[in-house]
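Visitor: Sending over a structure as structure tokens; questions will come in a sec.
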Amino acid sequence: MFQILSIKGTINFLRHAVPISILSLVLVLGSLTSLATNGINWGLDFTGGTVVELEFSSPSDLEALRAELSSVETDGAVVQNFGSSRDVLVRLPVKEGVATDTQVSQVMDAALKFDPQVVQKRVEVVGPQIGKELAEQGGLAVLVALICILIYVSFRFEWRLALGSVAALAHDVIITLGVFSLLQLDFDLTVLAGVLTVVGYSLNDTIVVFDRIRENFLKIRKGEPEEIVNTSITQTMSRTIITTGTTLVVVVALFLKGGTMIHGFATALLMGIFVGTFSSIYVASFLAVKLGINREHMMPVEIEKEGADQDALMP
Amino acid sequence: MLNKYPMWKNLMVIIIIAVGSFYAIPNLFGEDYAVQVVASRGAEVTATTQSTVNDVLASKNITVKRSELENGQLLVRVANGDQQLLAKEAIAESLGDKYIVALNLAPATPDWLESLGGSPMKLGLDLRGGVHFLMEVDMGEAVRKMTEAKISDFRTDLRGEKIRYAGIRNSAKGIEIKFRDAENLAKAERFLKTRGNDMVFTDISSGDSYFLMANLSEAYLKQIKEEALQQNITTIRNRVNELGVAEPVVQRQGAERIIVELPGVQDTARAKDILGATASIEFHMVDEKADAAAAASGRVSPSSQVYNRRQGGQVVLHKAVMLTGDHIQGAQPSFDEYSRPQVSINLDSKGGSIFSNVTKDNIGKPMATLFIEYKDNGDKNPDGSVKMQKIEEVISVATIQARLGRNFVITGLEHSEAQNLALLLRAGALIAPVTIVEERTIGPSLGAENIQNGVQAMIWGMAVVLIFMLVYYRGFGLIANLALTANLVMVVGVMSMIPGAVLTLPGIAGMVLTVGMAVDGNVLIYERIREELRNGRSVQQAIHEGYGNAFSTIADANITTFMTALILFAVGTGAVKGFAVTLMIGIATSMFTAIVGTRSIVNAMWGGKRVKKLSI
């Protein structure tokens, strides 16, 4: 057998839990501070406004285009390259009393002055009202997701573990948002989808570890909760590394090859997978131990029934 | 005996995978360039049209791959994009303007597959290019219209019952009906309450003034809004059909919004004009008793109103509407004997009888055609929504010569106005104005680029994962790879089967992600088997325990991910919804392939035999 990790015995993960938890806490507080001071760089989906994507036939002169776009209707336009020097993205804020159509046609007029072959690849116009609603809905979605998960995990496992997993998820969401805030990356709808996917993915990891913890509590008669948690994490370690690895590979492929429209999504996932893997050990499991998880908590009768069901279902 | 699947289980796995793969096949055939012919203005697409088109194309040396006549529309497939453009021009020229000729892409699914229900995945706008609009219905206007209708009802009803009232006006709080004494008020209240539950009446008299306040009831308000939305959807759907767009989407979103997606459309200006336009007409009688001088300074009786005439000057009309545009069934632009543009109108039977009644009673009196249009002039309400400006103009005043029936003409329009009015009337008027609150246009080249990017990401991600699994788990890795491939094919198959599922760019991302995450099921099982082997279990026991123990973990982990995908589906719009759909399908298929699919192969290879060593 070819093993990535050949683990002899049990690694004492929780030995480093205190300093690492402090690091986690610092990261979370840092993220919250950044969110409070820098805020999130809300993308078009949330703020409303106009985005025009242009493709020039030759490398474009951004300075000149900027100057051209400083007219009254298109004042405040953000002009930037992306992908290649021929691709230009123009962002226009919502303007009181100016029809967006006028703005878009002025952008095209300006671009045509520099390059008669310029192609308008994408135009997106979002009203400010829609954006506000979306932001509220998005926030609500994350919250509802967390609550649903809390209920499900409490029901399937135990409230200490449920609290641990939800804390881990909140940790992942906050840090992912924090990085977006710190780097002032554009936060649009696909990024929100990314954040929710991170919630799902990170939970995946946590559940795998918890499942093993539950099993080991029932199987290993002796041993402190901490030892059992350590054993469980060790046993699931190679799975965690492999799955995280393969998921990372595809996300990196998305990040590099997927194109600009899902760059934000891939970025959110990339960060989320790192913190998500890490939090399933140091936040979720550690918190459950600190909350005093022990063997008695794992003895509900339903679990025995579950086992009986399984054999019948899955021979 | 351990690890042996009964025949039916193996068969089930084979059948499910076969069905999934079968419905994935149509995606391999790509799309044909096609030209679509739809009838407008009373014309019809028939076999004759088809043969005309075929003849025209033959004369231009354009090879027709296939020509299909279905649901009153003709689809002609040609070899490439150049031929498509030539064909479109040639067809449009020969058929004239009674037909709408549009460029289209048609799935090149072979007939036998199509007859079995096979069709490729629907591509979202971000992958095929086109325009997406999110429209908001101005409910305030719908309610205002209804309130006005109610006021006019009150006037006639109270007069008819000989209940004396001092005045009716529309205030911010509701409709206020003023009476001179308590007796009339009480009589009116009693009478009006018998007229249904649409309104709620409150006595707000104080001192010597007697007022009855009437408000639309909550239930009725809700009903008005619902009807306004439904009617607008129908109207917009008709207009989209008039535009001749292939496979358009018109659907409601929430309580007051409508999504419109027009694949392949690049000219947003015209699409917007037609979709958002709320031009309609109303017929009113001219108030001949009105004093011109008084009217000029704005003093008219409460039942009349001063309107501007398009030709200049003003005219006083009775507020009561004789007939609204709702009853208009058909409208064609044409020219009168002096070649002035006009619109010939024919009404539905109800409209016809209303119209014939009112014209009969009013022969010799002037009747006005009022043109109403809502325009977005860039102004915004304090809450950020677009403020629509209502423009009302009298386009013609004509003396009723005789009793008019279902067919008549309206004159006094410019040529292009006649064209647009005809189109709008034909497609029905919007009951309340709509504003476009979100608009996304994706160029066709960007769409193609997005597909290419997505597919490339998928190939790279998948290749690395497959190689890794093979190297790391050898025999079992190969089985996992089969499962992963089957999983991907099945996601495509299921996406193609579900009528409402649309593939978007984030959807492709979801598929790529499924590839990465679907490994998890296999990894959990295999790691467990390895563990059991290390713990000294026999091969058969290790397989059994591995699958058994991993099952609840996989189920728990996937159910929670499924929950988040479901929430994403509920709140997301457009492209994000597409992601949620692929993710959900991916979770279901990957659980099936990882747990049942691989087990079936593992059992067949190693189950029930004496095996010393596993290739894991």
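Lettering and numbering for the structure tokens are positional, with chains as A, B, ... in the shown order, residues counted from 1 in each chain, and ligands counted from 1 in the shown order.
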Assign secondary structure with DSSP using the backbone only, and return the residues of stretch 213-244 of chain A in alpha helix (DSSP H) as a ChimeraX atom specification.
Guide: /A:213-219,225-244
Visitor: Could you write out that same residue set with N, CA, C and O atoms as an mmCIF file, in the first residue's frame?
Guide:
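And here is the file that came out, selection-v5.cif:
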data_model
loop_
_atom_site.group_PDB
_atom_site.id
_atom_site.type_symbol
_atom_site.label_atom_id
_atom_site.label_comp_id
_atom_site.auth_asym_id
_atom_site.auth_seq_id
_atom_site.Cartn_x
_atom_site.Cartn_y
_atom_site.Cartn_z
ATOM 1 N N ILE A 213 -15.427 10.366 15.574
ATOM 2 C CA ILE A 213 -15.402 10.585 17.024
ATOM 3 C C ILE A 213 -16.537 9.798 17.679
ATOM 4 O O ILE A 213 -16.340 9.088 18.663
ATOM 5 N N ARG A 214 -17.710 9.881 17.093
ATOM 6 C CA ARG A 214 -18.856 9.169 17.645
ATOM 7 C C ARG A 214 -18.593 7.660 17.669
ATOM 8 O O ARG A 214 -18.814 6.986 18.661
ATOM 9 N N GLU A 215 -18.076 7.185 16.555
ATOM 10 C CA GLU A 215 -17.812 5.752 16.452
ATOM 11 C C GLU A 215 -16.779 5.303 17.500
ATOM 12 O O GLU A 215 -16.948 4.278 18.158
ATOM 13 N N ASN A 216 -15.735 6.109 17.624
ATOM 14 C CA ASN A 216 -14.666 5.730 18.559
ATOM 15 C C ASN A 216 -15.114 5.792 20.010
ATOM 16 O O ASN A 216 -14.673 4.985 20.830
ATOM 17 N N PHE A 217 -15.971 6.733 20.329
ATOM 18 C CA PHE A 217 -16.492 6.790 21.688
ATOM 19 C C PHE A 217 -17.226 5.495 22.027
ATOM 20 O O PHE A 217 -17.181 5.000 23.136
ATOM 21 N N LEU A 218 -17.917 4.963 21.031
ATOM 22 C CA LEU A 218 -18.682 3.742 21.262
ATOM 23 C C LEU A 218 -17.787 2.512 21.263
ATOM 24 O O LEU A 218 -18.063 1.524 21.939
ATOM 25 N N LYS A 219 -16.694 2.580 20.487
ATOM 26 C CA LYS A 219 -15.865 1.400 20.310
ATOM 27 C C LYS A 219 -14.769 1.324 21.372
ATOM 28 O O LYS A 219 -14.532 0.278 21.958
ATOM 29 N N PRO A 225 -11.749 11.818 26.533
ATOM 30 C CA PRO A 225 -12.303 12.397 25.309
ATOM 31 C C PRO A 225 -11.213 12.960 24.392
ATOM 32 O O PRO A 225 -11.252 12.776 23.186
ATOM 33 N N GLU A 226 -10.237 13.615 24.991
ATOM 34 C CA GLU A 226 -9.192 14.228 24.169
ATOM 35 C C GLU A 226 -8.440 13.192 23.357
ATOM 36 O O GLU A 226 -8.150 13.401 22.181
ATOM 37 N N GLU A 227 -8.129 12.055 24.017
ATOM 38 C CA GLU A 227 -7.410 11.002 23.291
ATOM 39 C C GLU A 227 -8.244 10.482 22.143
ATOM 40 O O GLU A 227 -7.751 10.232 21.046
ATOM 41 N N ILE A 228 -9.533 10.308 22.428
ATOM 42 C CA ILE A 228 -10.420 9.762 21.388
ATOM 43 C C ILE A 228 -10.521 10.711 20.199
ATOM 44 O O ILE A 228 -10.461 10.304 19.044
ATOM 45 N N VAL A 229 -10.603 12.002 20.522
ATOM 46 C CA VAL A 229 -10.644 12.987 19.446
ATOM 47 C C VAL A 229 -9.355 12.930 18.640
ATOM 48 O O VAL A 229 -9.369 12.919 17.399
ATOM 49 N N ASN A 230 -8.223 12.857 19.337
ATOM 50 C CA ASN A 230 -6.938 12.763 18.634
ATOM 51 C C ASN A 230 -6.891 11.542 17.731
ATOM 52 O O ASN A 230 -6.466 11.632 16.574
ATOM 53 N N THR A 231 -7.320 10.404 18.269
ATOM 54 C CA THR A 231 -7.320 9.180 17.479
ATOM 55 C C THR A 231 -8.182 9.362 16.225
ATOM 56 O O THR A 231 -7.785 8.985 15.118
ATOM 57 N N SER A 232 -9.362 9.942 16.446
ATOM 58 C CA SER A 232 -10.289 10.098 15.332
ATOM 59 C C SER A 232 -9.704 10.986 14.238
ATOM 60 O O SER A 232 -9.788 10.675 13.051
ATOM 61 N N ILE A 233 -9.115 12.096 14.663
ATOM 62 C CA ILE A 233 -8.533 13.005 13.666
ATOM 63 C C ILE A 233 -7.405 12.304 12.919
ATOM 64 O O ILE A 233 -7.300 12.389 11.693
ATOM 65 N N THR A 234 -6.583 11.564 13.665
ATOM 66 C CA THR A 234 -5.477 10.857 13.030
ATOM 67 C C THR A 234 -6.001 9.857 12.001
ATOM 68 O O THR A 234 -5.505 9.781 10.876
ATOM 69 N N GLN A 235 -7.016 9.106 12.414
ATOM 70 C CA GLN A 235 -7.539 8.077 11.504
ATOM 71 C C GLN A 235 -8.113 8.662 10.225
ATOM 72 O O GLN A 235 -8.079 8.036 9.182
ATOM 73 N N THR A 236 -8.690 9.849 10.333
ATOM 74 C CA THR A 236 -9.310 10.424 9.139
ATOM 75 C C THR A 236 -8.348 11.334 8.377
ATOM 76 O O THR A 236 -8.703 11.911 7.367
ATOM 77 N N MET A 237 -7.126 11.441 8.902
ATOM 78 C CA MET A 237 -6.184 12.407 8.326
ATOM 79 C C MET A 237 -5.872 12.151 6.859
ATOM 80 O O MET A 237 -5.871 13.080 6.048
ATOM 81 N N SER A 238 -5.597 10.881 6.504
ATOM 82 C CA SER A 238 -5.212 10.690 5.099
ATOM 83 C C SER A 238 -6.376 10.993 4.168
ATOM 84 O O SER A 238 -6.194 11.576 3.109
ATOM 85 N N ARG A 239 -7.603 10.633 4.613
ATOM 86 C CA ARG A 239 -8.779 10.982 3.800
ATOM 87 C C ARG A 239 -8.871 12.502 3.627
ATOM 88 O O ARG A 239 -9.096 13.003 2.532
ATOM 89 N N THR A 240 -8.677 13.207 4.755
ATOM 90 C CA THR A 240 -8.783 14.664 4.703
ATOM 91 C C THR A 240 -7.780 15.242 3.712
ATOM 92 O O THR A 240 -8.125 16.096 2.895
ATOM 93 N N ILE A 241 -6.542 14.742 3.801
ATOM 94 C CA ILE A 241 -5.514 15.285 2.911
ATOM 95 C C ILE A 241 -5.834 14.994 1.451
ATOM 96 O O ILE A 241 -5.735 15.864 0.587
ATOM 97 N N ILE A 242 -6.269 13.757 1.182
ATOM 98 C CA ILE A 242 -6.537 13.394 -0.212
ATOM 99 C C ILE A 242 -7.709 14.198 -0.774
ATOM 100 O O ILE A 242 -7.623 14.791 -1.849
ATOM 101 N N THR A 243 -8.809 14.226 -0.034
ATOM 102 C CA THR A 243 -9.977 14.947 -0.543
ATOM 103 C C THR A 243 -9.688 16.431 -0.690
ATOM 104 O O THR A 243 -10.029 17.047 -1.696
ATOM 105 N N THR A 244 -9.047 17.000 0.319
ATOM 106 C CA THR A 244 -8.693 18.410 0.218
ATOM 107 C C THR A 244 -7.802 18.626 -0.999
ATOM 108 O O THR A 244 -7.983 19.587 -1.756
#
Visitor: From the DSSP assignment of the backbone, select every residue of stretch 93-302 of chain A that is strand (DSSP E or B), and format the answer as a list in words.
Guide: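 So, restricting stretch 93-302 of chain A to strand (DSSP E or B), we get Val119, Gln120, Lys121, Arg122, Val123, Glu124, Val125, Val126 and Phe187 of chain A.
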Visitor: When you look at B:Phe201 with a cut-off of 9 Å (counting only C-alpha atoms), what residues show up, excluding the ones that are within fewer than 3 positions of it in the same chain? I need them as a list in words.
Guide: Glu189, Leu192, Lys193, Leu212, Met213, Ala214, Asn215 and Leu216 of chain B
Visitor: Using only C-alpha atoms, determine which residues lie at most 6 Å from A:Asn41, disregarding the query and same-chain residues fewer than 2 positions distant; provide the list as JSON, numbers by chain.
Guide: {"A": [184, 186, 187]}
Visitor: Applying 12 Å and only C-alpha atoms, which residues near B:Ser152 remain after dropping the ones on its own chain fewer than 2 positions away? List them as a list in words.
Guide: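 Final neighbour list, sorted by chain and number: Lys145, Met146, Thr147, Glu148, Ala149, Lys150, Phe154, Arg155, Thr156, Asp157, Leu158, Arg159, Gly167, Ile168, Arg169, Asn170, Ile175, Ile177, Pro302, Ser303, Ser304, His318, Lys319, Ala320 and Val321 of chain B.
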Visitor: Would you mind listing what lies within 7 Å of A:Pro128 as a short mmCIF file (atom, residue, chain, number, x, y, z; two decimals) with N, CA and C atoms, in the first residue's frame, with only C-alpha atoms counted and same-chain residues fewer than 3 positions away left out?
Guide:
data_model
loop_
_atom_site.label_atom_id
_atom_site.label_comp_id
_atom_site.auth_asym_id
_atom_site.auth_seq_id
_atom_site.Cartn_x
_atom_site.Cartn_y
_atom_site.Cartn_z
N THR A 47 -24.36 46.47 -5.36
CA THR A 47 -24.43 47.93 -5.27
C THR A 47 -25.31 48.52 -6.35
N GLY A 48 -25.48 47.79 -7.41
CA GLY A 48 -26.13 48.37 -8.58
C GLY A 48 -25.09 49.16 -9.35
N GLY A 49 -25.42 49.48 -10.58
CA GLY A 49 -24.47 50.19 -11.42
C GLY A 49 -24.33 49.50 -12.75
N GLY A 131 -29.89 45.39 -5.82
CA GLY A 131 -28.65 45.09 -5.12
C GLY A 131 -28.87 45.02 -3.62
N LYS A 132 -29.62 46.00 -3.10
CA LYS A 132 -29.84 46.04 -1.66
C LYS A 132 -30.59 44.79 -1.20
N GLY B 384 -35.00 54.71 -4.85
CA GLY B 384 -34.08 54.22 -5.88
C GLY B 384 -34.75 53.59 -7.07
#
Visitor: Would you mind reading off the distance between atom CA of B:Gly597 and atom CA of B:Thr582, one decimal, in Å?
Guide: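 Calculated distance between atom CA of B:Gly597 and atom CA of B:Thr582 is 19.8 Å.
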Visitor: May I have the residues within 10 Å of B:Leu103 as a PyMOL selection string, using only C-alpha atoms and disregarding those fewer than 6 positions away in the same chain?
Guide: chain B and resi 33-37+75-76+81+84-85+87-88+244-246+264-265
Visitor: How would the residues just picked look written out with N, CA, C and O atoms as an mmCIF file, in the first residue's frame?
Guide:
data_model
loop_
_atom_site.group_PDB
_atom_site.id
_atom_site.type_symbol
_atom_site.label_atom_id
_atom_site.label_comp_id
_atom_site.auth_asym_id
_atom_site.auth_seq_id
_atom_site.Cartn_x
_atom_site.Cartn_y
_atom_site.Cartn_z
ATOM 1 N N TYR B 33 -26.380 25.615 -37.329
ATOM 2 C CA TYR B 33 -26.809 26.983 -37.609
ATOM 3 C C TYR B 33 -28.164 26.897 -38.287
ATOM 4 O O TYR B 33 -28.362 26.074 -39.176
ATOM 5 N N ALA B 34 -29.085 27.716 -37.842
ATOM 6 C CA ALA B 34 -30.419 27.599 -38.401
ATOM 7 C C ALA B 34 -31.049 28.969 -38.566
ATOM 8 O O ALA B 34 -30.616 29.958 -37.976
ATOM 9 N N VAL B 35 -32.080 29.004 -39.400
ATOM 10 C CA VAL B 35 -32.876 30.209 -39.573
ATOM 11 C C VAL B 35 -34.297 29.843 -39.201
ATOM 12 O O VAL B 35 -34.809 28.810 -39.626
ATOM 13 N N GLN B 36 -34.905 30.690 -38.377
ATOM 14 C CA GLN B 36 -36.232 30.379 -37.898
ATOM 15 C C GLN B 36 -37.233 31.352 -38.521
ATOM 16 O O GLN B 36 -36.989 32.542 -38.591
ATOM 17 N N VAL B 37 -38.342 30.824 -39.010
ATOM 18 C CA VAL B 37 -39.363 31.676 -39.604
ATOM 19 C C VAL B 37 -40.641 31.563 -38.778
ATOM 20 O O VAL B 37 -41.162 30.471 -38.579
ATOM 21 N N LEU B 75 -38.051 25.839 -39.236
ATOM 22 C CA LEU B 75 -36.655 25.883 -38.840
ATOM 23 C C LEU B 75 -35.826 25.277 -39.968
ATOM 24 O O LEU B 75 -36.013 24.120 -40.324
ATOM 25 N N VAL B 76 -34.958 26.089 -40.530
ATOM 26 C CA VAL B 76 -34.131 25.616 -41.642
ATOM 27 C C VAL B 76 -32.690 25.549 -41.176
ATOM 28 O O VAL B 76 -32.110 26.550 -40.754
ATOM 29 N N GLY B 81 -22.091 29.440 -40.366
ATOM 30 C CA GLY B 81 -22.535 30.780 -40.008
ATOM 31 C C GLY B 81 -22.692 31.707 -41.203
ATOM 32 O O GLY B 81 -23.603 32.532 -41.239
ATOM 33 N N GLN B 84 -25.752 30.851 -42.992
ATOM 34 C CA GLN B 84 -26.894 31.225 -42.165
ATOM 35 C C GLN B 84 -27.295 32.675 -42.431
ATOM 36 O O GLN B 84 -28.474 32.977 -42.635
ATOM 37 N N LEU B 85 -26.294 33.559 -42.483
ATOM 38 C CA LEU B 85 -26.574 34.977 -42.730
ATOM 39 C C LEU B 85 -27.180 35.178 -44.109
ATOM 40 O O LEU B 85 -28.170 35.896 -44.272
ATOM 41 N N ALA B 87 -28.738 32.985 -45.902
ATOM 42 C CA ALA B 87 -30.062 32.377 -45.936
ATOM 43 C C ALA B 87 -31.086 33.299 -45.295
ATOM 44 O O ALA B 87 -32.186 33.495 -45.817
ATOM 45 N N LYS B 88 -30.706 33.914 -44.176
ATOM 46 C CA LYS B 88 -31.643 34.789 -43.482
ATOM 47 C C LYS B 88 -32.056 35.943 -44.387
ATOM 48 O O LYS B 88 -33.243 36.257 -44.516
ATOM 49 N N GLY B 244 -39.792 37.475 -32.379
ATOM 50 C CA GLY B 244 -39.234 36.367 -33.135
ATOM 51 C C GLY B 244 -37.948 35.810 -32.569
ATOM 52 O O GLY B 244 -37.036 35.451 -33.302
ATOM 53 N N VAL B 245 -37.863 35.759 -31.256
ATOM 54 C CA VAL B 245 -36.663 35.210 -30.624
ATOM 55 C C VAL B 245 -36.873 33.722 -30.380
ATOM 56 O O VAL B 245 -37.953 33.303 -29.972
ATOM 57 N N ALA B 246 -35.828 32.948 -30.620
ATOM 58 C CA ALA B 246 -35.933 31.516 -30.375
ATOM 59 C C ALA B 246 -35.747 31.237 -28.890
ATOM 60 O O ALA B 246 -34.896 31.817 -28.238
ATOM 61 N N GLY B 264 -29.398 35.071 -27.807
ATOM 62 C CA GLY B 264 -28.970 35.467 -29.145
ATOM 63 C C GLY B 264 -29.281 36.900 -29.519
ATOM 64 O O GLY B 264 -28.787 37.385 -30.528
ATOM 65 N N VAL B 265 -30.067 37.593 -28.705
ATOM 66 C CA VAL B 265 -30.391 38.979 -29.058
ATOM 67 C C VAL B 265 -29.249 39.897 -28.641
ATOM 68 O O VAL B 265 -28.714 39.773 -27.551
#
Visitor: Which is closer to chain A than all the others in B:Lys289, B:Arg128, B:Lys178, B:Arg403, using only C-alpha atoms?
Guide: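 Looking at the shortest contact to chain A, the residue is B:Arg128.
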Visitor: Go through A:Thr246, A:Ser279, A:Gln106, A:Ser285 one by one, measure the shortest atom-to-atom distance of each to chain B using only C-alpha atoms, and give the residue with the smallest value.
Guide: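 Checking each of A:Thr246, A:Ser279, A:Gln106, A:Ser285 against chain B, counting only C-alpha atoms, the winner is A:Thr246.
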Visitor: Would you please work out which residue, of A:Gly30, A:Gly223, A:Gly276, A:Gly259, is nearest to A:Ala168 when using only C-alpha atoms?
Guide: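 Once distances to A:Ala168 are computed over only C-alpha atoms, the minimum belongs to A:Gly276.
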Visitor: Give the answer as one residue: which of A:Leu269, A:Leu256, A:Val98, A:Ile174 has the shortest atom-to-atom distance to A:Thr197, using only C-alpha atoms?
Guide: A:Leu269
Visitor: What does the distance from atom CA of B:Ala509 to atom CA of B:Met121 come to in Å, to one decimal?
Guide: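 Computing it gives 15.3 Å between the two atoms.
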Visitor: Atom CA of A:Leu54 to atom CA of A:Val88: how many Å, to one decimal?
Guide: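 Between atom CA of A:Leu54 and atom CA of A:Val88 the gap is 5.2 Å.
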